[in-house]
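Beneath this line is the structure, given in structure tokens, with notes to follow.
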Amino acid sequence: MYQFLYDLIGNEIIAGLLVAIVPLTIILVFALFGIWLERKVSAHMQDRLGPMRTGWHGWLQTVADLMKMLQKEDIIATDADKTLYNIAPVLVFTGSFAAYAVIPFSSKLLGSEVEIGIFYVLAISSLVVAGILMAGWSANNKYSLLGAMRAAAQIISYEIPTALIVLSMVMLTGTLSLDKISQMQTSSFWNWNIFGGAIFGLSKFLLIPFMFVGALILFISTLAEVNRIPFDIPEAESELVAGYFTEYCGMKWGMFMLAEYGNMFAVSAIIVILFFGGYQSPIGYFGNSVGVQWLVPFEQGFWFIAKGLTLVFVQMWLRWTLPRLRVDQLMTVCWKYLIPYAFLNLIIIGIISLL
Amino acid sequence: MPLKTETMVLNMGPQHPSTHGVLRLELEIEGELILSVKPHIGYLHRCFEKHAEAMTYPQVIPYTDRLDYLAAMGNNFGYVIAVEKLLGIQIPERVEYIRVIMAELQRIASHLVAIATNGADIGALTPFLYLFRDREYILSLFEMTCGARMLYNYMWIGGLSHDIHPDFVRKTKEFINHFRPTIVELNNLLTFNKIFIERTANVGILPLDTAINFGASGPVLRGSGLSFDVRREDPYSIYNRFDFEIPTGKGLVGAVGDCWDRYYVRVLEMEQSLCIIEQAIDNIPEGDVKSAIPKRIKPPKGTVYARVENPRGELGYFIISDGNINPFRVKVRAPSFVNLEVMGELCKGHLVADVIAILGSLDIVLGEIDR
Amino acid sequence: MKQYFKNTFDGIFTVLIGMKVTFKHLFTPAVTIQYPDVKVKLPERVRNRLYVNMDDCIGCDQCSRACPVSCIEIETVKSIPGEDLGITSNGKKKALWVTKFDIDIAKCCYCQLCVFPCPTECIYMTDVYEFAEYERSNFLYKFATLTDEEAVQKKINYEKFQTEKAAAAAKSKPETPAQTENKSE
Amino acid sequence: MKNPEEIFELLKSEFGNTILGLEKETPTEPIITVDPMQINKVGLFLRNNNTLKFDSLMVLSGVDDANGTKIKDEDGTEMISGGTLSVYYHLHSTNLKHKITLKVSTPRETPQVESVYNVWRTSDWHEREAFDMFGIIFLNHPDLRRILMPYDWEAGYPLRKDYKNPEFYKGMKVPY
């Protein structure tokens with residue numbers, strides 16, 4: 001994608017910018033769609049209808065919200081720490097937007113095919129913690145301070161199980177680059193990593209249960225990184241009013257929302273790539289069978305977004321069923337349950353891959 | 001020399017999403033650990049007792065509705081029994097049956113709100129919507145009989161303001177058949193959910209002797225294991241004709257008397273109320289509900305203390321009359337006022353998130369605390 | 001150790017049960033209605049806004065005495081014997097001009113205590129519940145049918161009639177004791 | 001299960017003249033009047049004696065008896081002087097299932113009552129409310145301050161019969 005544009009324009013800065021525009025639009029479009037989806041899913045799960053007024057089934061609702069947020073007055077608390085207060089939302093949004101640089105949406109559209117894809121994603125996503133701490137501290141409000149402290153503890157401690165599961169997958173597939181991992185899981189869904197990857201024989205069947213356990217642990221720990229129920233303690237509505245972004249309003253608050261939904265899709269994209277075969281279609285490509293070669297990347301894009309959305313739906317589904325954990329229980333779940341299971345999983349996958 | 005840390009005073013102030021009304025909790029916290037809780041009340045004080053001294057006896061009833069605005073039928077019931085005891089008049093059977101049915105329906109509606117807000121405070125938003133949908137059935141039953149949804153002024157001294165609607169009996173039976181499976185669904189979704197149990201078991205344990213010493217009553221006392229219910233201890237109206245058990249906290253999940261027990265006692269009580277309604281709905285005797293309403297109510301000089309089992313606990317009315325048409329003094333013993341005193345004891349050593357869970361399990365309503 | 005695995009198993013199992021319940025509700029039809037377009041049909045005993053049917057009202061002041069928040073103010077003027085004030089629906093002869101009948105619906109607590117004592121059932125509660133106003137003064141509903149000057153007019157001819165009656169009584173009295181005369185002028 | 005008369009005899013024999021009398025003639029409940037300074041000891045005895053076991057104080061209510069002389073001062077407001085303020089204690093035993101009502105009267109000018117805080121912890125807020133509404137001082141109560149009215153409400157005690165609403169409170173008009 002970048003190479004193609006670079007040959008076209010010649011100047012790498014403009015080409016780089018153009019390449020960066022594509023994931024940005026994807027995030028914005030997904031955020032608008034995600035917020036609407038969340039309101040409709042939560043509504044129908046609770047026997048109500050959700051937004052119905054703006055357009056058919058309220059699909060323009062999020063656009064209306066965006067307009068409202070844009071023209072809202074931007075109030076800054078008088079004794080808030082101005083500079084930190086303004087940087088925080090930008091930092092949080094860039095943290096989640098930067099992760100999209102390496103996510104391969106399809107074989108053609110894959111941003112920078114840098115070799116250390118997954119390692120880069122882990123590093124960038126911890127930038128969000130700094131943003132949240134800044135937001136909490138600079139708002140000079142006791143509730144946001146409590147929320148920020150909780151967020152720091154939660155996101156940092158949940159990076160360890162994520163790193164362990166990613167480690168076990170990298171050990172299995174041998175590469176760090178997300179694009180290569182997706183390419184290894186070609187042709188049918190039976191070759192997806194969740195079913196033991198594209199190898200044959202006994203070890204494939206032995207791997208399947210541990211792959212399921214690994215996917216579950218990754219799903220839970222990334223849920224905690226994105227602050228979604230049952231781990232949404234930093235912005236617990238019923239205890240801390242709105243946690244670290246209590247004092248924000250207008251577009252700054254909008255940035256936090258955008259970052260949360262952007263993170264949600266980025267995290268489910270990572271899980272899809274690692275376990276559910278990235279942009280590979282489960283049942284072969286319609287384009288190949290019909291011989292229309294240029295259709296394949298679009299199909300890949302479609303499959304990738306479809307899988308991403310199902311995982312986002314599961315995250316929303318969890319949000320509207322489960323209550324919220326307490327801060328110390330959150331730590332016990334991470335340190336006493338997820339990390340030991342992730343270690344065990346890592347060791348067993350290592351042994352099986354030696355067979 | 002340990003690091004010098006000072007405690008932070010956090011105001012869970014009058015405007016807070018989960019203080020169930022205008023209550024200010026002054027938390028002294030160290031990090032997340034709570035050292036002391038000081039409740040400040042009085043934000044919703046509407047001088048009920050001063051008003052009552054200026055009104056005639058029947059005019060006080062709309063004011064009693066506004067005490068515990070989630071269980072207005074129970075408040076009317078208490079006040080009306082107190083004045084009838086003072087007057088010493090005989091109530092027709094039909095009125096007694098209808099009053100018991102209305103009080104039990106109101107208990108279910110009030111417990112639905114208590115359970116819904118307790119769940120919502122801990123984060124589960126979906127049960128909140130399901131339970132409010134069921135509560136809507138009960139409110140439409142009330143609206144059908146007396147025209148109002150929450151503040152009824154339905155029970156008068158000596159009778160009722162309206163007779164029940166012709167198809168009230170059929171609709172109540174419909175409600176009972178609809179409501180039983182939803183309790184099972186609630187148990188699947190929330191009561192036995194591991195995260196909910198984790199958040200409420202062994203949190204805010206109220207030992208039995210402090211509960212009695214603090215005068216707690218209702219689900220808060222029964223959650224600590226004592227099966228004390230005014231309908232069984234000091235039977236008023238015709239409650240001695242119905243057989244129903246008194247659910248108490250048994251510590252199925254954590255210690256006896258923790259938040260989960262108080263929550264689960266309310267769920268079981270709803271089922272018991274359904275049984276009472278079923279026993280009462282079929283044999284409502286015929287009769288006129290307004291026959292025993294005296295034209296001029298002038299009770300003799302004297303004092304009376306009558307108490308009623310409200311969904312939040314034992315609601316008592318202490319009325320002193322000096323012989324003319326206005327009561328001389330009306331003192332309300334509000335259950336939430338007494339249950340809230342336990343808050344200071346319960347929250348020591350817990351986390352900020354537990355204060356919300358404990359407050360939700362105490363199920364207080366600021367209307368009757370501040371009067 | 002056993003408790004450890006029981007916790008993990010419990011955690012996963014109860015979460016799945018909860019998810020099954022909410023998934024089932026994804027397909028049950030919604031119970032809410034779109035309010036301004038679809039309105040709930042209220043039962044007939046509903047008590048929302050007060051209405052007074054003035055031609056039945058005999059100005060007996062029962063309702064304003066029964067009201068706990070005293071939001072009903074009534075002023076009446078006695079009628080002169082010659083005047084005819086019409087008959088209420090149930091055939092009772094009216095004897096008082098109701099010059100002022102105000103209900104401050106902002107203070108009303110909708111308890112319906114005023115509806116029961118009314119002898120001619122002219123005050124009752126309708127099912128109108130959308131009567132928001134921009135100013136609080138618009139909540140003072142004036143039900144009196146007499147315009148202001150008519151009300152003043154009625155007061156004047158009542159006082160006039162009063163003085164004539166007093167004078168007539170003073171004239172008829174002198175045939176009996178004589179000395180009362182100077183007192184009555 | 002003891003009826004009020006037996007309890008009265010028991011208390012009379014135990015405490016002698018601090019128990020002032022038993023009012024039985026007014027309807028629905030006999031009331032034992034007790035000397036205000038001894039209510040703490042009587043309460044402890046009632047709770048710890050194992051034939052009585054009154055372990056729960058249902059309600060503690062302050063009452064302005066308004067039996068003093070009504071004097072009208074110049075601008076028509078009437079003040080009551082003399083007379084008594086009284087406090088009613090309704091006690092209940094959870095396991096012996098019997099109830100009793102105690103009454104304590106104190107002069108209106110210097111209303112002093114012994115606090116029963118150490119006997120029944122529930123009296124903490126009830127006594128604060130009686131103080132807030134009637135001005136009855138409860139001796140050695142841990143923190144006797146107003147509970148329902150604003151803490152710095154200096155316009156007197158609202159539930160007294162001769163209470164007049166102040167014109168302004170911190171610049172806000174009180175009667176609307």
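Ordering of the structure tokens sets the chain letters (A, B, ...), residue numbers begin anew at 1 in every chain, and ligands are numbered from 1 in the order given.
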
Going by DSSP on the backbone, which residues of region 26-83 of chain C come out as strand (DSSP E)? List them as a list in words.
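Reading the DSSP output for region 26-83 of chain C, strand (DSSP E) covers Leu50, Tyr51, Val52, Ile72, Glu73, Ile74, Glu75, Thr76, Val77 and Lys78 of chain C.
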
Leu42 (chain C) environment, 12 Å, only C-alpha atoms, sequence neighbours closer than 3 positions dropped, as a count of residues only:
19

Using DSSP secondary structure from the backbone, list all helix (DSSP H, G or I) positions within region 20-185 of chain B, as a ChimeraX atom specification. /B:48-54,58-65,72-87,93-122,126-146,168-185

Pull the closest atom pair for each residue of region 37-144 of chain D that gets at most 6 Å from region 14-33 of chain D, along with the distance in Å to one decimal, counting only C-alpha atoms, ordering rows by chain and then ascending residue number, as CSV.
```
residue,atom,partner,partner_atom,distance
D:Thr101,CA,D:Ile31,CA,5.2
D:Leu102,CA,D:Ile32,CA,4.8
D:Lys103,CA,D:Thr33,CA,4.5
D:Val104,CA,D:Thr33,CA,5.7
```

*Residue list for chain A near chain B as number ranges by chain, 12 Å, only C-alpha atoms*: A: 41-48, 141-147, 149-150, 228-242, 317-330, 332-333

For region 166-174 of chain B, work out the shell of residues within 12 Å, counting only C-alpha atoms and skipping chain neighbours fewer than 6 positions away, then give it as a list in words.
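With the cut-off at 12 Å, the set is Ile98, Ile101, Met102, Glu104, Leu105, Asp134, Tyr137, Ile138, Leu139, Ser140, Leu141, Phe142, Glu143, Met144, Thr145, Cys146, Arg180, Leu274, Cys275, Ile277, Glu278, Gln279, Ala280, Ile281, Asp282, Asn283 and Ile284 of chain B; Pro43 of chain C.
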
Exercise. Hey, list the chain C side of the contact with chain B: 9 Å cut-off, only C-alpha atoms, answer as a PyMOL selection string.
Key: chain C and resi 7+10-15+17-22+31-32+42-48+66-69+109-113+116

How would the residues just chosen look if you wrote them out with N, CA, C and O atoms as a tab-separated table (two decimals), in the first residue's frame?
```tsv
chain	number	residue	atom	x	y	z
C	7	ASN	N	-13.45	-22.11	41.96
C	7	ASN	CA	-13.68	-20.69	41.62
C	7	ASN	C	-13.61	-20.49	40.12
C	7	ASN	O	-14.48	-19.87	39.51
C	10	ASP	N	-16.63	-22.07	38.50
C	10	ASP	CA	-17.82	-21.27	38.83
C	10	ASP	C	-17.82	-19.99	38.01
C	10	ASP	O	-18.82	-19.62	37.39
C	11	GLY	N	-16.67	-19.33	37.99
C	11	GLY	CA	-16.60	-18.03	37.30
C	11	GLY	C	-17.05	-18.18	35.87
C	11	GLY	O	-17.95	-17.48	35.39
C	12	ILE	N	-16.50	-19.18	35.18
C	12	ILE	CA	-16.83	-19.31	33.74
C	12	ILE	C	-18.27	-19.75	33.59
C	12	ILE	O	-19.04	-19.19	32.79
C	13	PHE	N	-18.70	-20.72	34.40
C	13	PHE	CA	-20.02	-21.33	34.19
C	13	PHE	C	-21.13	-20.31	34.44
C	13	PHE	O	-22.01	-20.11	33.60
C	14	THR	N	-21.06	-19.56	35.58
C	14	THR	CA	-22.18	-18.63	35.86
C	14	THR	C	-22.19	-17.49	34.83
C	14	THR	O	-23.25	-17.02	34.46
C	15	VAL	N	-20.99	-17.12	34.34
C	15	VAL	CA	-20.99	-16.05	33.32
C	15	VAL	C	-21.72	-16.54	32.08
C	15	VAL	O	-22.55	-15.83	31.51
C	17	ILE	N	-24.11	-18.77	31.91
C	17	ILE	CA	-25.57	-18.82	32.14
C	17	ILE	C	-26.14	-17.42	31.96
C	17	ILE	O	-27.13	-17.20	31.26
C	18	GLY	N	-25.44	-16.44	32.56
C	18	GLY	CA	-25.94	-15.06	32.44
C	18	GLY	C	-26.01	-14.65	30.98
C	18	GLY	O	-26.99	-14.07	30.51
C	19	MET	N	-24.98	-15.04	30.22
C	19	MET	CA	-24.98	-14.62	28.81
C	19	MET	C	-26.12	-15.28	28.07
C	19	MET	O	-26.75	-14.67	27.20
C	20	LYS	N	-26.43	-16.54	28.45
C	20	LYS	CA	-27.55	-17.23	27.77
C	20	LYS	C	-28.84	-16.44	28.01
C	20	LYS	O	-29.62	-16.18	27.10
C	21	VAL	N	-29.02	-15.94	29.26
C	21	VAL	CA	-30.27	-15.22	29.56
C	21	VAL	C	-30.35	-13.96	28.72
C	21	VAL	O	-31.35	-13.70	28.05
C	22	THR	N	-29.26	-13.19	28.67
C	22	THR	CA	-29.38	-11.93	27.91
C	22	THR	C	-29.51	-12.23	26.42
C	22	THR	O	-30.21	-11.52	25.71
C	31	VAL	N	-40.66	-4.00	25.17
C	31	VAL	CA	-41.90	-3.66	25.87
C	31	VAL	C	-42.11	-2.15	25.89
C	31	VAL	O	-43.14	-1.67	26.31
C	32	THR	N	-41.10	-1.40	25.42
C	32	THR	CA	-41.28	0.07	25.53
C	32	THR	C	-42.01	0.58	24.30
C	32	THR	O	-42.03	-0.07	23.26
C	42	LEU	N	-54.82	5.35	29.35
C	42	LEU	CA	-54.89	5.40	30.82
C	42	LEU	C	-56.22	4.81	31.29
C	42	LEU	O	-57.22	4.97	30.60
C	43	PRO	N	-56.26	4.12	32.43
C	43	PRO	CA	-57.54	3.61	32.95
C	43	PRO	C	-58.46	4.78	33.30
C	43	PRO	O	-58.03	5.92	33.40
C	44	GLU	N	-59.77	4.48	33.47
C	44	GLU	CA	-60.72	5.58	33.57
C	44	GLU	C	-60.67	6.25	34.95
C	44	GLU	O	-61.04	7.39	35.11
C	45	ARG	N	-60.12	5.57	35.98
C	45	ARG	CA	-60.11	6.23	37.31
C	45	ARG	C	-58.87	7.09	37.49
C	45	ARG	O	-58.55	7.45	38.60
C	46	VAL	N	-58.19	7.41	36.42
C	46	VAL	CA	-56.87	8.04	36.59
C	46	VAL	C	-57.05	9.44	37.18
C	46	VAL	O	-58.09	10.07	36.99
C	47	ARG	N	-56.09	9.93	37.98
C	47	ARG	CA	-56.28	11.26	38.59
C	47	ARG	C	-55.10	12.15	38.17
C	47	ARG	O	-54.00	12.03	38.69
C	48	ASN	N	-55.36	13.02	37.17
C	48	ASN	CA	-54.29	13.94	36.76
C	48	ASN	C	-54.74	15.37	36.98
C	48	ASN	O	-54.65	15.88	38.09
C	66	ALA	N	-61.38	20.52	52.39
C	66	ALA	CA	-60.82	19.15	52.46
C	66	ALA	C	-59.39	19.11	51.93
C	66	ALA	O	-58.67	18.15	52.15
C	67	CYS	N	-58.97	20.19	51.24
C	67	CYS	CA	-57.67	20.09	50.56
C	67	CYS	C	-56.52	20.21	51.55
C	67	CYS	O	-56.42	21.21	52.28
C	68	PRO	N	-55.63	19.21	51.64
C	68	PRO	CA	-54.52	19.27	52.61
C	68	PRO	C	-53.54	20.40	52.31
C	68	PRO	O	-52.92	20.94	53.22
C	69	VAL	N	-53.37	20.78	51.05
C	69	VAL	CA	-52.36	21.82	50.76
C	69	VAL	C	-53.05	23.16	50.51
C	69	VAL	O	-52.42	24.12	50.08
C	109	CYS	N	-51.55	18.26	45.21
C	109	CYS	CA	-50.78	17.01	45.36
C	109	CYS	C	-51.57	15.83	44.81
C	109	CYS	O	-51.27	14.68	45.12
C	110	TYR	N	-52.61	16.07	44.03
C	110	TYR	CA	-53.35	15.03	43.29
C	110	TYR	C	-53.82	13.93	44.22
C	110	TYR	O	-53.71	12.75	43.90
C	111	CYS	N	-54.34	14.30	45.43
C	111	CYS	CA	-54.73	13.24	46.35
C	111	CYS	C	-56.22	12.94	46.24
C	111	CYS	O	-56.71	12.02	46.87
C	112	GLN	N	-56.98	13.71	45.48
C	112	GLN	CA	-58.40	13.48	45.22
C	112	GLN	C	-59.27	13.62	46.47
C	112	GLN	O	-60.41	13.17	46.47
C	113	LEU	N	-58.80	14.25	47.52
C	113	LEU	CA	-59.64	14.43	48.72
C	113	LEU	C	-60.73	15.46	48.47
C	113	LEU	O	-61.74	15.49	49.17
C	116	PHE	N	-64.33	13.83	46.68
C	116	PHE	CA	-65.37	13.03	47.36
C	116	PHE	C	-66.41	13.89	48.09
C	116	PHE	O	-67.59	13.64	47.99
```

Could you please tell me, as a short mmCIF file (atom, residue, chain, number, x, y, z; two decimals) with all heavy atoms, in the first residue's frame, which residues of chain B have an atom within 7 Å of chain D when using only C-alpha atoms?
```cif
data_model
loop_
_atom_site.label_atom_id
_atom_site.label_comp_id
_atom_site.auth_asym_id
_atom_site.auth_seq_id
_atom_site.Cartn_x
_atom_site.Cartn_y
_atom_site.Cartn_z
N ILE B 41 -27.56 13.62 57.05
CA ILE B 41 -28.89 13.57 56.44
C ILE B 41 -29.58 14.92 56.69
O ILE B 41 -29.00 15.82 57.29
CB ILE B 41 -29.74 12.44 57.05
CG1 ILE B 41 -29.80 12.57 58.58
CG2 ILE B 41 -29.18 11.09 56.68
CD1 ILE B 41 -30.75 11.58 59.18
N GLY B 42 -30.80 15.02 56.18
CA GLY B 42 -31.55 16.26 56.42
C GLY B 42 -31.75 17.06 55.15
O GLY B 42 -32.37 18.10 55.17
N HIS B 45 -35.60 17.10 54.27
CA HIS B 45 -36.50 17.28 55.42
C HIS B 45 -37.66 18.18 55.00
O HIS B 45 -37.45 19.33 54.58
CB HIS B 45 -35.72 17.93 56.57
CG HIS B 45 -36.56 18.20 57.78
ND1 HIS B 45 -37.30 17.21 58.39
CD2 HIS B 45 -36.82 19.34 58.47
CE1 HIS B 45 -37.95 17.74 59.43
NE2 HIS B 45 -37.69 19.02 59.49
N LYS B 50 -44.50 18.52 61.57
CA LYS B 50 -45.13 19.84 61.81
C LYS B 50 -46.40 19.96 60.98
O LYS B 50 -47.43 20.43 61.46
CB LYS B 50 -44.13 20.95 61.42
CG LYS B 50 -44.53 22.33 61.88
CD LYS B 50 -44.24 22.49 63.36
CE LYS B 50 -44.56 23.92 63.81
NZ LYS B 50 -44.45 24.06 65.28
N LEU B 86 -56.89 3.89 67.78
CA LEU B 86 -57.26 4.99 68.70
C LEU B 86 -58.77 5.14 68.74
O LEU B 86 -59.37 5.25 69.80
CB LEU B 86 -56.60 6.28 68.18
CG LEU B 86 -56.27 7.37 69.22
CD1 LEU B 86 -55.38 6.81 70.31
CD2 LEU B 86 -55.58 8.53 68.54
N ILE B 212 -29.65 -6.11 66.61
CA ILE B 212 -30.75 -5.85 67.56
C ILE B 212 -30.47 -4.59 68.35
O ILE B 212 -31.33 -3.72 68.53
CB ILE B 212 -30.94 -7.07 68.50
CG1 ILE B 212 -31.40 -8.28 67.68
CG2 ILE B 212 -31.93 -6.77 69.60
CD1 ILE B 212 -31.52 -9.55 68.46
N ASN B 213 -29.21 -4.44 68.78
CA ASN B 213 -28.91 -3.25 69.59
C ASN B 213 -29.12 -1.98 68.79
O ASN B 213 -29.55 -0.96 69.32
CB ASN B 213 -27.44 -3.34 70.03
CG ASN B 213 -27.22 -2.44 71.24
OD1 ASN B 213 -28.06 -1.62 71.56
ND2 ASN B 213 -26.12 -2.61 71.90
N PHE B 214 -28.84 -2.03 67.49
CA PHE B 214 -29.07 -0.85 66.65
C PHE B 214 -30.53 -0.73 66.25
O PHE B 214 -30.89 0.18 65.52
CB PHE B 214 -28.19 -0.93 65.39
CG PHE B 214 -26.87 -0.25 65.57
CD1 PHE B 214 -25.77 -0.95 66.00
CD2 PHE B 214 -26.76 1.10 65.35
CE1 PHE B 214 -24.56 -0.32 66.19
CE2 PHE B 214 -25.54 1.75 65.53
CZ PHE B 214 -24.44 1.03 65.96
N GLY B 215 -31.36 -1.70 66.64
CA GLY B 215 -32.78 -1.57 66.33
C GLY B 215 -33.08 -1.78 64.86
O GLY B 215 -34.10 -1.34 64.37
N LYS B 301 -58.91 11.55 73.80
CA LYS B 301 -57.57 11.96 74.27
C LYS B 301 -56.76 10.69 74.55
O LYS B 301 -57.25 9.77 75.18
CB LYS B 301 -57.73 12.77 75.56
CG LYS B 301 -56.64 13.78 75.83
CD LYS B 301 -57.07 14.73 76.95
CE LYS B 301 -55.96 14.82 77.99
NZ LYS B 301 -54.69 15.27 77.34
N GLY B 302 -55.49 10.56 74.07
CA GLY B 302 -54.71 9.34 74.39
C GLY B 302 -53.56 9.17 73.42
O GLY B 302 -53.34 10.01 72.55
N THR B 303 -52.80 8.08 73.65
CA THR B 303 -51.63 7.85 72.77
C THR B 303 -51.77 6.45 72.16
O THR B 303 -52.44 5.59 72.72
CB THR B 303 -50.33 7.85 73.60
OG1 THR B 303 -50.38 6.64 74.38
CG2 THR B 303 -50.24 9.04 74.50
N VAL B 304 -51.17 6.26 71.00
CA VAL B 304 -51.19 4.92 70.37
C VAL B 304 -49.87 4.73 69.63
O VAL B 304 -49.29 5.71 69.14
CB VAL B 304 -52.38 4.80 69.39
CG1 VAL B 304 -52.19 5.68 68.16
CG2 VAL B 304 -52.54 3.37 68.96
N LYS B 331 -45.41 10.95 65.47
CA LYS B 331 -43.98 10.64 65.33
C LYS B 331 -43.87 9.36 64.50
O LYS B 331 -44.56 8.39 64.77
CB LYS B 331 -43.37 10.41 66.72
CG LYS B 331 -42.07 9.67 66.71
CD LYS B 331 -40.90 10.54 66.32
CE LYS B 331 -39.62 9.73 66.41
NZ LYS B 331 -38.52 10.29 65.60
N ARG B 333 -41.66 6.25 63.19
CA ARG B 333 -40.44 5.46 63.39
C ARG B 333 -40.10 4.88 62.02
O ARG B 333 -40.66 3.88 61.58
CB ARG B 333 -40.72 4.33 64.40
CG ARG B 333 -39.48 3.58 64.83
CD ARG B 333 -39.37 2.23 64.13
NE ARG B 333 -38.33 1.41 64.72
CZ ARG B 333 -37.54 0.61 64.00
NH1 ARG B 333 -37.68 0.55 62.70
NH2 ARG B 333 -36.62 -0.12 64.59
N VAL B 338 -33.43 4.10 60.99
CA VAL B 338 -32.73 3.28 61.99
C VAL B 338 -31.69 2.40 61.28
O VAL B 338 -30.56 2.25 61.73
CB VAL B 338 -33.75 2.41 62.75
CG1 VAL B 338 -33.05 1.57 63.78
CG2 VAL B 338 -34.78 3.29 63.41
N ASP B 370 -35.52 11.54 56.27
CA ASP B 370 -35.52 12.96 56.62
C ASP B 370 -36.90 13.43 57.03
O ASP B 370 -37.04 14.47 57.64
CB ASP B 370 -35.06 13.80 55.40
CG ASP B 370 -33.63 13.45 55.07
OD1 ASP B 370 -32.98 12.84 55.94
OD2 ASP B 370 -33.17 13.75 53.96
#
```

### Message
What's around Ser273 (chain B) at 12 Å? Count only C-alpha atoms, leave out sequence neighbours fewer than 2 positions away in its own chain, and write the answer as a ChimeraX atom specification.
### Response
/B:100-111,176,179-180,231,239,242-247,266-271,275-281,311

For chain A, the closest of C:Lys6, C:Tyr51, C:Gln62, C:Pro29 counting only C-alpha atoms is C:Pro29

| task | Might you pull out every residue within 6 Å of region 134-143 of chain D, with only C-alpha atoms counted and same-chain residues fewer than 2 positions away left off, and present them as a PyMOL selection string? | result | chain D and resi 111-115+130-132+157+159-160

Could those selected residues go to a file with C-alpha atoms, as a compact mmCIF listing (two decimals), in the first residue's frame?
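Once everything was written out, this is again_5.txt:
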```txt
# COMPACT_ATOMS: atom_id res chain seq x y z
CA PRO D 111 -34.81 20.25 79.40
CA GLN D 112 -32.17 17.77 80.61
CA VAL D 113 -32.51 14.01 80.14
CA GLU D 114 -29.93 11.28 80.75
CA SER D 115 -28.93 9.70 77.43
CA ALA D 130 -35.35 15.05 69.73
CA PHE D 131 -32.66 17.64 70.47
CA ASP D 132 -32.94 19.10 66.97
CA TYR D 157 -36.52 24.34 67.80
CA LEU D 159 -41.47 21.24 66.57
CA ARG D 160 -42.21 23.29 69.68
```

Chain C proximity check over A:Gly136, A:Pro340, A:Pro209, A:Pro89, using only C-alpha atoms: winner is A:Pro340
